[in-house]
file structure-v6.pdb (PDB, C-alpha atoms, pLDDT in the B column)
ATOM      1  CA  MET Y  26      99.315  85.913  74.055  1.00 69.00           C
ATOM      2  CA  SER Y  27      97.164  89.048  73.984  1.00 87.00           C
ATOM      3  CA  GLU Y  28      95.170  87.940  77.047  1.00 86.00           C
ATOM      4  CA  THR Y  29      98.379  87.569  79.025  1.00 86.00           C
ATOM      5  CA  PHE Y  30      99.513  91.006  77.878  1.00 89.00           C
ATOM      6  CA  ILE Y  31      96.193  92.573  78.951  1.00 89.00           C
ATOM      7  CA  LEU Y  32      96.394  90.833  82.321  1.00 88.00           C
ATOM      8  CA  TRP Y  33      99.926  92.124  82.970  1.00 89.00           C
ATOM      9  CA  LEU Y  34      98.996  95.594  81.741  1.00 91.00           C
ATOM     10  CA  LEU Y  35      96.018  95.800  84.120  1.00 91.00           C
ATOM     11  CA  ALA Y  36      98.056  94.415  87.012  1.00 91.00           C
ATOM     12  CA  ALA Y  37     100.870  96.913  86.403  1.00 92.00           C
ATOM     13  CA  GLY Y  38      98.339  99.749  86.149  1.00 92.00           C
ATOM     14  CA  ALA Y  39      96.758  98.700  89.440  1.00 91.00           C
ATOM     15  CA  ILE Y  40     100.139  98.591  91.170  1.00 91.00           C
ATOM     16  CA  LEU Y  41     101.189 101.966  89.751  1.00 91.00           C
ATOM     17  CA  GLY Y  42      97.855 103.506  90.746  1.00 89.00           C
ATOM     18  CA  ALA Y  43      98.172 102.162  94.287  1.00 89.00           C
ATOM     19  CA  LEU Y  44     101.724 103.470  94.519  1.00 87.00           C
ATOM     20  CA  ALA Y  45     100.557 106.887  93.331  1.00 85.00           C
ATOM     21  CA  VAL Y  46      98.154 106.964  96.266  1.00 83.00           C
ATOM     22  CA  VAL Y  47     100.575 106.013  99.016  1.00 84.00           C
ATOM     23  CA  LEU Y  48     103.862 107.513  97.847  1.00 81.00           C
ATOM     24  CA  PRO Y  49     104.312 111.198  98.638  1.00 71.00           C
ATOM     25  CA  THR Y  50     104.281 113.404  95.582  1.00 66.00           C
ATOM     26  CA  ARG Y  51     106.328 116.521  95.153  1.00 55.00           C
ATOM     27  CA  GLU Y  52     104.929 119.185  97.508  1.00 58.00           C
ATOM     28  CA  THR Y  53     102.281 116.645  98.649  1.00 66.00           C
ATOM     29  CA  LYS Y  54      99.528 117.550  96.229  1.00 72.00           C
ATOM     30  CA  PRO Y  55      96.346 115.512  96.755  1.00 79.00           C
ATOM     31  CA  ILE Y  56      94.968 115.594  93.190  1.00 79.00           C
ATOM     32  CA  PRO Y  57      97.625 113.198  91.752  1.00 81.00           C
ATOM     33  CA  ALA Y  58      96.898 110.809  94.624  1.00 82.00           C
ATOM     34  CA  LEU Y  59      93.188 110.997  93.837  1.00 84.00           C
ATOM     35  CA  THR Y  60      93.893 110.341  90.161  1.00 85.00           C
ATOM     36  CA  GLY Y  61      96.032 107.359  91.173  1.00 87.00           C
ATOM     37  CA  LEU Y  62      93.137 106.036  93.260  1.00 87.00           C
ATOM     38  CA  VAL Y  63      90.767 106.247  90.315  1.00 87.00           C
ATOM     39  CA  GLY Y  64      93.373 104.610  88.061  1.00 90.00           C
ATOM     40  CA  PHE Y  65      93.751 101.799  90.573  1.00 91.00           C
ATOM     41  CA  LEU Y  66      89.985 101.262  90.742  1.00 90.00           C
ATOM     42  CA  VAL Y  67      89.636 101.268  86.954  1.00 90.00           C
ATOM     43  CA  CYS Y  68      92.456  98.731  86.566  1.00 92.00           C
ATOM     44  CA  LEU Y  69      90.911  96.609  89.300  1.00 91.00           C
ATOM     45  CA  ASP Y  70      87.598  96.747  87.428  1.00 91.00           C
ATOM     46  CA  GLY Y  71      89.421  95.592  84.328  1.00 91.00           C
ATOM     47  CA  LEU Y  72      90.850  92.657  86.260  1.00 91.00           C
ATOM     48  CA  TYR Y  73      87.387  91.767  87.539  1.00 91.00           C
ATOM     49  CA  VAL Y  74      86.025  91.796  83.985  1.00 90.00           C
ATOM     50  CA  PHE Y  75      89.028  89.782  82.809  1.00 89.00           C
ATOM     51  CA  PHE Y  76      88.150  87.055  85.329  1.00 89.00           C
ATOM     52  CA  ASP Y  77      84.400  87.192  84.446  1.00 89.00           C
ATOM     53  CA  GLY Y  78      83.362  89.185  87.509  1.00 88.00           C
ATOM     54  CA  HIS Y  79      81.144  91.583  85.575  1.00 89.00           C
ATOM     55  CA  TYR Y  80      78.714  92.184  88.426  1.00 89.00           C
ATOM     56  CA  ILE Y  81      81.358  93.147  90.999  1.00 89.00           C
ATOM     57  CA  ALA Y  82      83.132  95.289  88.399  1.00 88.00           C
ATOM     58  CA  THR Y  83      79.926  97.194  87.693  1.00 87.00           C
ATOM     59  CA  LEU Y  84      79.160  97.626  91.379  1.00 87.00           C
ATOM     60  CA  GLN Y  85      82.637  98.892  92.117  1.00 86.00           C
ATOM     61  CA  MET Y  86      82.505 101.403  89.283  1.00 85.00           C
ATOM     62  CA  VAL Y  87      79.052 102.652  90.235  1.00 84.00           C
ATOM     63  CA  VAL Y  88      79.580 102.709  94.008  1.00 83.00           C
ATOM     64  CA  TYR Y  89      83.266 103.532  94.408  1.00 80.00           C
ATOM     65  CA  ALA Y  90      85.000 104.951  91.386  1.00 76.00           C
ATOM     66  CA  ALA Y  91      82.571 107.667  90.315  1.00 80.00           C
ATOM     67  CA  PRO Y  92      80.942 108.878  93.573  1.00 83.00           C
ATOM     68  CA  ILE Y  93      84.011 108.550  95.775  1.00 80.00           C
ATOM     69  CA  PHE Y  94      86.122 110.368  93.192  1.00 81.00           C
ATOM     70  CA  LEU Y  95      83.596 113.219  93.077  1.00 83.00           C
ATOM     71  CA  LEU Y  96      83.281 113.353  96.866  1.00 84.00           C
ATOM     72  CA  LEU Y  97      87.025 113.446  97.414  1.00 82.00           C
ATOM     73  CA  ALA Y  98      87.590 115.954  94.606  1.00 81.00           C
ATOM     74  CA  ILE Y  99      84.992 118.306  96.064  1.00 83.00           C
ATOM     75  CA  ALA Y 100      86.454 117.885  99.551  1.00 82.00           C
ATOM     76  CA  ILE Y 101      89.947 118.654  98.285  1.00 78.00           C
ATOM     77  CA  MET Y 102      88.693 121.745  96.470  1.00 78.00           C
ATOM     78  CA  LEU Y 103      86.837 122.919  99.556  1.00 80.00           C
ATOM     79  CA  LEU Y 104      89.914 122.450 101.736  1.00 77.00           C
ATOM     80  CA  ASP Y 105      91.796 125.023  99.657  1.00 64.00           C
ATOM     81  CA  LEU Y 106      95.206 123.573 100.410  1.00 62.00           C
ATOM     82  CA  GLU Y 107      96.978 126.414  98.622  1.00 60.00           C
ATOM     83  CA  GLY Y 108      96.495 128.594 101.662  1.00 56.00           C
ATOM     84  CA  ASN Y 109      93.478 130.572 102.722  1.00 52.00           C
ATOM     85  CA  LYS Y 110      94.164 134.007 104.127  1.00 55.00           C
ATOM     86  CA  GLY Y 111      90.741 134.229 105.772  1.00 53.00           C
ATOM     87  CA  GLU Y 112      91.128 131.317 108.153  1.00 55.00           C
ATOM     88  CA  GLY Y 113      89.027 131.409 111.261  1.00 61.00           C
ATOM     89  CA  HIS Y 114      86.277 133.556 109.795  1.00 67.00           C
ATOM     90  CA  VAL Y 115      82.743 132.288 110.225  1.00 69.00           C
ATOM     91  CA  THR Y 116      80.826 132.628 106.985  1.00 76.00           C
ATOM     92  CA  ALA Y 117      77.267 131.829 106.037  1.00 79.00           C
ATOM     93  CA  ALA Y 118      78.453 128.896 103.909  1.00 77.00           C
ATOM     94  CA  LYS Y 119      80.331 127.375 106.846  1.00 76.00           C
ATOM     95  CA  MET Y 120      77.312 127.749 109.114  1.00 79.00           C
ATOM     96  CA  LEU Y 121      75.052 126.209 106.475  1.00 82.00           C
ATOM     97  CA  GLY Y 122      77.470 123.298 106.110  1.00 79.00           C
ATOM     98  CA  VAL Y 123      77.574 122.701 109.866  1.00 80.00           C
ATOM     99  CA  PHE Y 124      73.772 122.822 110.028  1.00 82.00           C
ATOM    100  CA  ALA Y 125      73.368 120.426 107.085  1.00 83.00           C
ATOM    101  CA  MET Y 126      75.860 117.908 108.496  1.00 82.00           C
ATOM    102  CA  SER Y 127      74.216 118.120 111.919  1.00 83.00           C
ATOM    103  CA  ALA Y 128      70.831 117.416 110.349  1.00 83.00           C
ATOM    104  CA  VAL Y 129      72.198 114.400 108.452  1.00 81.00           C
ATOM    105  CA  PHE Y 130      73.893 113.074 111.587  1.00 77.00           C
ATOM    106  CA  ALA Y 131      70.706 113.524 113.652  1.00 81.00           C
ATOM    107  CA  LYS Y 132      68.623 111.737 111.015  1.00 80.00           C
ATOM    108  CA  CYS Y 133      71.071 108.799 110.897  1.00 74.00           C
ATOM    109  CA  LEU Y 134      71.210 108.626 114.684  1.00 75.00           C
ATOM    110  CA  ARG Y 135      67.408 108.668 114.916  1.00 77.00           C
ATOM    111  CA  GLY Y 136      67.201 105.827 112.377  1.00 74.00           C
ATOM    112  CA  ILE Y 137      69.674 103.749 114.383  1.00 71.00           C
ATOM    113  CA  VAL Y 138      67.882 104.386 117.691  1.00 73.00           C
ATOM    114  CA  MET Y 139      64.419 103.631 116.260  1.00 75.00           C
ATOM    115  CA  MET Y 140      65.582 100.369 114.657  1.00 68.00           C
ATOM    116  CA  ARG Y 141      63.941  97.279 116.091  1.00 66.00           C
ATOM    117  CA  PRO Y 142      64.904  93.639 115.779  1.00 63.00           C
ATOM    118  CA  PRO Y 143      62.984  91.707 113.078  1.00 63.00           C
ATOM    119  CA  GLU Y 144      61.020  89.602 115.593  1.00 66.00           C
ATOM    120  CA  ALA Y 145      59.605  92.708 117.336  1.00 53.00           C
ATOM    121  CA  ARG Y 146      57.819  93.958 114.211  1.00 50.00           C
TER     122      ARG Y 146
END
call {"tool": "encode", "arguments": {"input": "structure-v6.pdb", "output": "structure tokens"}}
result
Amino acid sequence: MSETFILWLLAAGAILGALAVVLPTRETKPIPALTGLVGFLVCLDGLYVFFDGHYIATLQMVVYAAPIFLLLAIAIMLLDLEGNKGEGHVTAAKMLGVFAMSAVFAKCLRGIVMMRPPEAR
């Protein structure tokens, strides 16, 4: 009886979390959607553990839930959706960000171009 209750509780939590992501919130605030995404992932991890998928549950929590939540939270904070009065101004932080992203993109592109098939090594 308790296993069935836990299963339905996790399933309902996953559905509610997914709905929190896709349904528009009042004044379209992104933080509740992000919290819904994390709730969905945690409930999905619980379902994986419930069905003895411990490895995939651990991978999902380590790869998706924690880092993606942090990445999206930082991106939302940097977007400053409340309204920035200084739009269009070039600052040192923006230039540093553009330079850093360009360097990462160039490094990834170089790695892809320099890749050789396994038989050529």
call {"tool": "resolve_selection", "arguments": {"input": "structure-v6.pdb", "expression": "the PyMOL selection byres ((chain Y and resi 90) around 10)", "output": "JSON, numbers by chain"}}
result
{"Y": [62, 63, 64, 65, 66, 67, 70, 83, 84, 85, 86, 87, 88, 89, 91, 92, 93, 94, 95]}
call {"tool": "write_last_selection", "arguments": {"input": "structure-v6.pdb", "atoms": "C-alpha atoms", "output": "mmCIF file, keeping the file's coordinate frame"}}
result
data_model
loop_
_atom_site.group_PDB
_atom_site.id
_atom_site.type_symbol
_atom_site.label_atom_id
_atom_site.label_comp_id
_atom_site.auth_asym_id
_atom_site.auth_seq_id
_atom_site.Cartn_x
_atom_site.Cartn_y
_atom_site.Cartn_z
ATOM 1 C CA LEU Y 62 93.137 106.036 93.260
ATOM 2 C CA VAL Y 63 90.767 106.247 90.315
ATOM 3 C CA GLY Y 64 93.373 104.610 88.061
ATOM 4 C CA PHE Y 65 93.751 101.799 90.573
ATOM 5 C CA LEU Y 66 89.985 101.262 90.742
ATOM 6 C CA VAL Y 67 89.636 101.268 86.954
ATOM 7 C CA ASP Y 70 87.598 96.747 87.428
ATOM 8 C CA THR Y 83 79.926 97.194 87.693
ATOM 9 C CA LEU Y 84 79.160 97.626 91.379
ATOM 10 C CA GLN Y 85 82.637 98.892 92.117
ATOM 11 C CA MET Y 86 82.505 101.403 89.283
ATOM 12 C CA VAL Y 87 79.052 102.652 90.235
ATOM 13 C CA VAL Y 88 79.580 102.709 94.008
ATOM 14 C CA TYR Y 89 83.266 103.532 94.408
ATOM 15 C CA ALA Y 91 82.571 107.667 90.315
ATOM 16 C CA PRO Y 92 80.942 108.878 93.573
ATOM 17 C CA ILE Y 93 84.011 108.550 95.775
ATOM 18 C CA PHE Y 94 86.122 110.368 93.192
ATOM 19 C CA LEU Y 95 83.596 113.219 93.077
#
call {"tool": "atom_distance", "arguments": {"input": "structure-v6.pdb", "atom1": "CA of Ala98 in chain Y", "atom2": "CA of Ala45 in chain Y"}}
result
15.9 Å
call {"tool": "residues_around", "arguments": {"input": "structure-v6.pdb", "residues": "Ala36 in chain Y", "least_positions_apart": "2", "cutoff": "12 Å", "atoms": "only C-alpha atoms", "output": "count of residues only"}}
result
23
call {"tool": "axis_aligned_box", "arguments": {"input": "structure-v6.pdb", "around": "range 91-98 of chain Y", "padding_each_side": "5 Å", "output": "lines of an AutoDock Vina configuration file"}}
result
center_x = 84.3
center_y = 111.8
center_z = 93.9
size_x = 16.6
size_y = 18.3
size_z = 17.1
